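Below: the structure, in structure tokens.
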Amino acid sequence: MKTLRTFTVTAAAGVTVLALASPASALYAGNIQASLLGTATVTTSLGGGSCTSSTLNGALASGGGLSVSSAGFSSCSGATVTAQNLPWTGGNVTASTAVPGGRDGTATIAGFRVRAVVTILGANVTCVYGGNLTANAYNGTNAARPVPGNGQFQISLNNVSAAKQSGSNFLCPGTASVVATYEVKGESVPGSGVYNQSISLP
């Protein structure tokens with residue numbers, strides 16, 4: 001897998017928004033970076049691929065709408081993946097009403113679309129998958145977060161289904177399953193490119 005692309009979060013009135021982890025009442029707006037924790041996989045009934053390094057960069061507005069404009073995957077095996085139709089717009093980040101022992105909210109990436117080149121029966125086959133993918137969101141203090149040893153805000157795609165899109169070879173299965181967990185941080189100094197600000201859902 002190689003290339004995805006960026007992350008922007010905006011919100012409509014009435015939608016719960018991300019905040020600075022401290023103080024909890026201060027709303028965060030600015031650039032964000034999502035870094036892969038562990039391994040990201042895309043699998044189908046015919047196989048798939050995995051990557052152990054991935055970074056998504058973007059921006060968060062003072063609302064809840066999410067768009068993706070750039071990202072990268074590296075240290076991959078089994079497939080080469082490239083993002084298509086960027087930016088991916090129309091997504092959102094929202095808080096969940098009390099979910100004891102569970103997530104703090106969700107993050108939906110709308111317009112997701114990736115091109116994967118895999119080897120089937122010795123030949124390179126191009127498959128394109130996309131759709132609206134919804135990840136579970138966890139604050140860094142939530143004991144149920146996917147990577148307990150990491151204290152940052154986390155979003156987790158857990159076997160989320162992506163549908164086959166136009167441009168795919170006829171051999172490609174109708175769906176692919178995506179698994180990945182990212183930590184997400186902001187900038188303490190706007191525009192600095194240094195992502196050291198913890199964020200969370202209130």
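All residue names refer to the structure tokens as shown: chains lettered A, B, ... in order, residues numbered from 1 in each chain, ligands numbered from 1 in order.
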Give me the segment 27-139 of chain A side of the contact with segment 157-180 of chain A, cut-off 12 Å, one line per residue showing its nearest atom pair and distance in Å at one decimal, counting only C-alpha atoms, sorted by chain and residue number, as a tab-separated table.
residue	atom	partner	partner_atom	distance
A:Ala34	CA	A:Ala180	CA	11.2
A:Ser35	CA	A:Ala180	CA	10.2
A:Leu36	CA	A:Ala180	CA	7.2
A:Leu37	CA	A:Ala180	CA	7.6
A:Gly38	CA	A:Ala180	CA	7.8
A:Thr39	CA	A:Ala180	CA	6.5
A:Ala40	CA	A:Ala180	CA	4.4
A:Thr41	CA	A:Val179	CA	5.2
A:Val42	CA	A:Val178	CA	4.7
A:Thr43	CA	A:Ser177	CA	5.2
A:Thr44	CA	A:Ala176	CA	4.7
A:Ser45	CA	A:Pro173	CA	6.5
A:Leu46	CA	A:Pro173	CA	7.2
A:Gly47	CA	A:Ala176	CA	9.4
A:Gly48	CA	A:Ala176	CA	8.4
A:Gly49	CA	A:Val178	CA	10.1
A:Ser50	CA	A:Val179	CA	9.3
A:Cys51	CA	A:Ala180	CA	9.5
A:Thr52	CA	A:Ala180	CA	9.8
A:Ser53	CA	A:Ala180	CA	10.7
A:Ser54	CA	A:Ala180	CA	9.7
A:Thr55	CA	A:Ala180	CA	11.6
A:Phe73	CA	A:Ala180	CA	11.6
A:Gln84	CA	A:Gln165	CA	11.1
A:Asn85	CA	A:Gln165	CA	11.8
A:Thr106	CA	A:Leu157	CA	10.0
A:Ala107	CA	A:Leu157	CA	9.4
A:Thr108	CA	A:Leu157	CA	9.9
A:Ile109	CA	A:Leu157	CA	10.5
A:Ala110	CA	A:Ala162	CA	11.2
A:Gly111	CA	A:Ala162	CA	10.6
A:Phe112	CA	A:Ala162	CA	8.4
A:Arg113	CA	A:Gln165	CA	8.1
A:Val114	CA	A:Gln165	CA	9.2
A:Arg115	CA	A:Ser168	CA	8.3
A:Ala116	CA	A:Ser168	CA	9.1
A:Val117	CA	A:Ser168	CA	9.8
A:Val118	CA	A:Cys172	CA	9.6
A:Thr119	CA	A:Cys172	CA	11.0
A:Ile120	CA	A:Leu171	CA	8.7
A:Leu121	CA	A:Leu171	CA	10.8
A:Ala123	CA	A:Leu171	CA	11.1
A:Asn124	CA	A:Asn169	CA	10.0
A:Val125	CA	A:Asn169	CA	6.4
A:Thr126	CA	A:Asn169	CA	5.7
A:Cys127	CA	A:Ser168	CA	4.3
A:Val128	CA	A:Ser168	CA	5.2
A:Tyr129	CA	A:Lys164	CA	4.5
A:Gly130	CA	A:Ala162	CA	5.0
A:Gly131	CA	A:Ala162	CA	5.7
A:Asn132	CA	A:Ala162	CA	7.6
A:Leu133	CA	A:Val160	CA	6.6
A:Thr134	CA	A:Leu157	CA	7.0
A:Ala135	CA	A:Leu157	CA	4.6
A:Asn136	CA	A:Leu157	CA	6.6
A:Ala137	CA	A:Leu157	CA	9.2
A:Tyr138	CA	A:Leu157	CA	11.6
Mind listing the strand (DSSP E) residues of segment 105-167 of chain A, per DSSP on the backbone, as JSON, numbers by chain?
-> {"A": [105, 106, 107, 108, 109, 110, 111, 112, 113, 114, 115, 116, 117, 118, 119, 120, 123, 124, 125, 126, 127, 128, 129, 130, 131, 132, 133, 134, 135, 136, 137, 138, 153, 154, 155, 156, 157, 158, 159, 160, 161, 162, 163, 164]}
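The spacing separating atom CA of Leu201 of chain A from atom CA of Thr181 of chain A amounts to 16.7 Å.
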Nearby residues (only C-alpha atoms) at most 10 Å from Gly101 of chain A, same-chain spacing under 6 positions excluded, as a list in words = Asn142, Ala143, Ala144 and Arg145 of chain A
Written selection (N, CA and C atoms) as a CSV table (one decimal), in the first residue's frame:
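Contents of result.csv, freshly written:
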chain,number,residue,atom,x,y,z
A,142,ASN,N,-9.5,7.3,27.6
A,142,ASN,CA,-10.5,6.2,27.5
A,142,ASN,C,-9.8,4.8,27.7
A,143,ALA,N,-10.1,4.1,28.7
A,143,ALA,CA,-9.4,2.8,28.9
A,143,ALA,C,-9.8,1.8,27.8
A,144,ALA,N,-10.8,2.1,27.0
A,144,ALA,CA,-11.2,1.2,25.9
A,144,ALA,C,-10.5,1.5,24.6
A,145,ARG,N,-9.6,2.5,24.6
A,145,ARG,CA,-9.0,2.9,23.3
A,145,ARG,C,-8.2,1.7,22.8
Atom CA of Ser74 of chain A to atom CA of Tyr195 of chain A, straight-line distance in Å =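 Result for atom CA of Tyr195 of chain A versus atom CA of Ser74 of chain A: 19.9 Å, one decimal.
Picture a line from atom CA of Val189 of chain A to atom CA of Ser96 of chain A; it runs 29.0 Å.
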Pick from A:Gly30, A:Gly140, A:Gly63, A:Gly102 nearest to Gln154 of chain A, counting only C-alpha atoms |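 That would be A:Gly140, the residue with the smallest distance to Gln154 of chain A.
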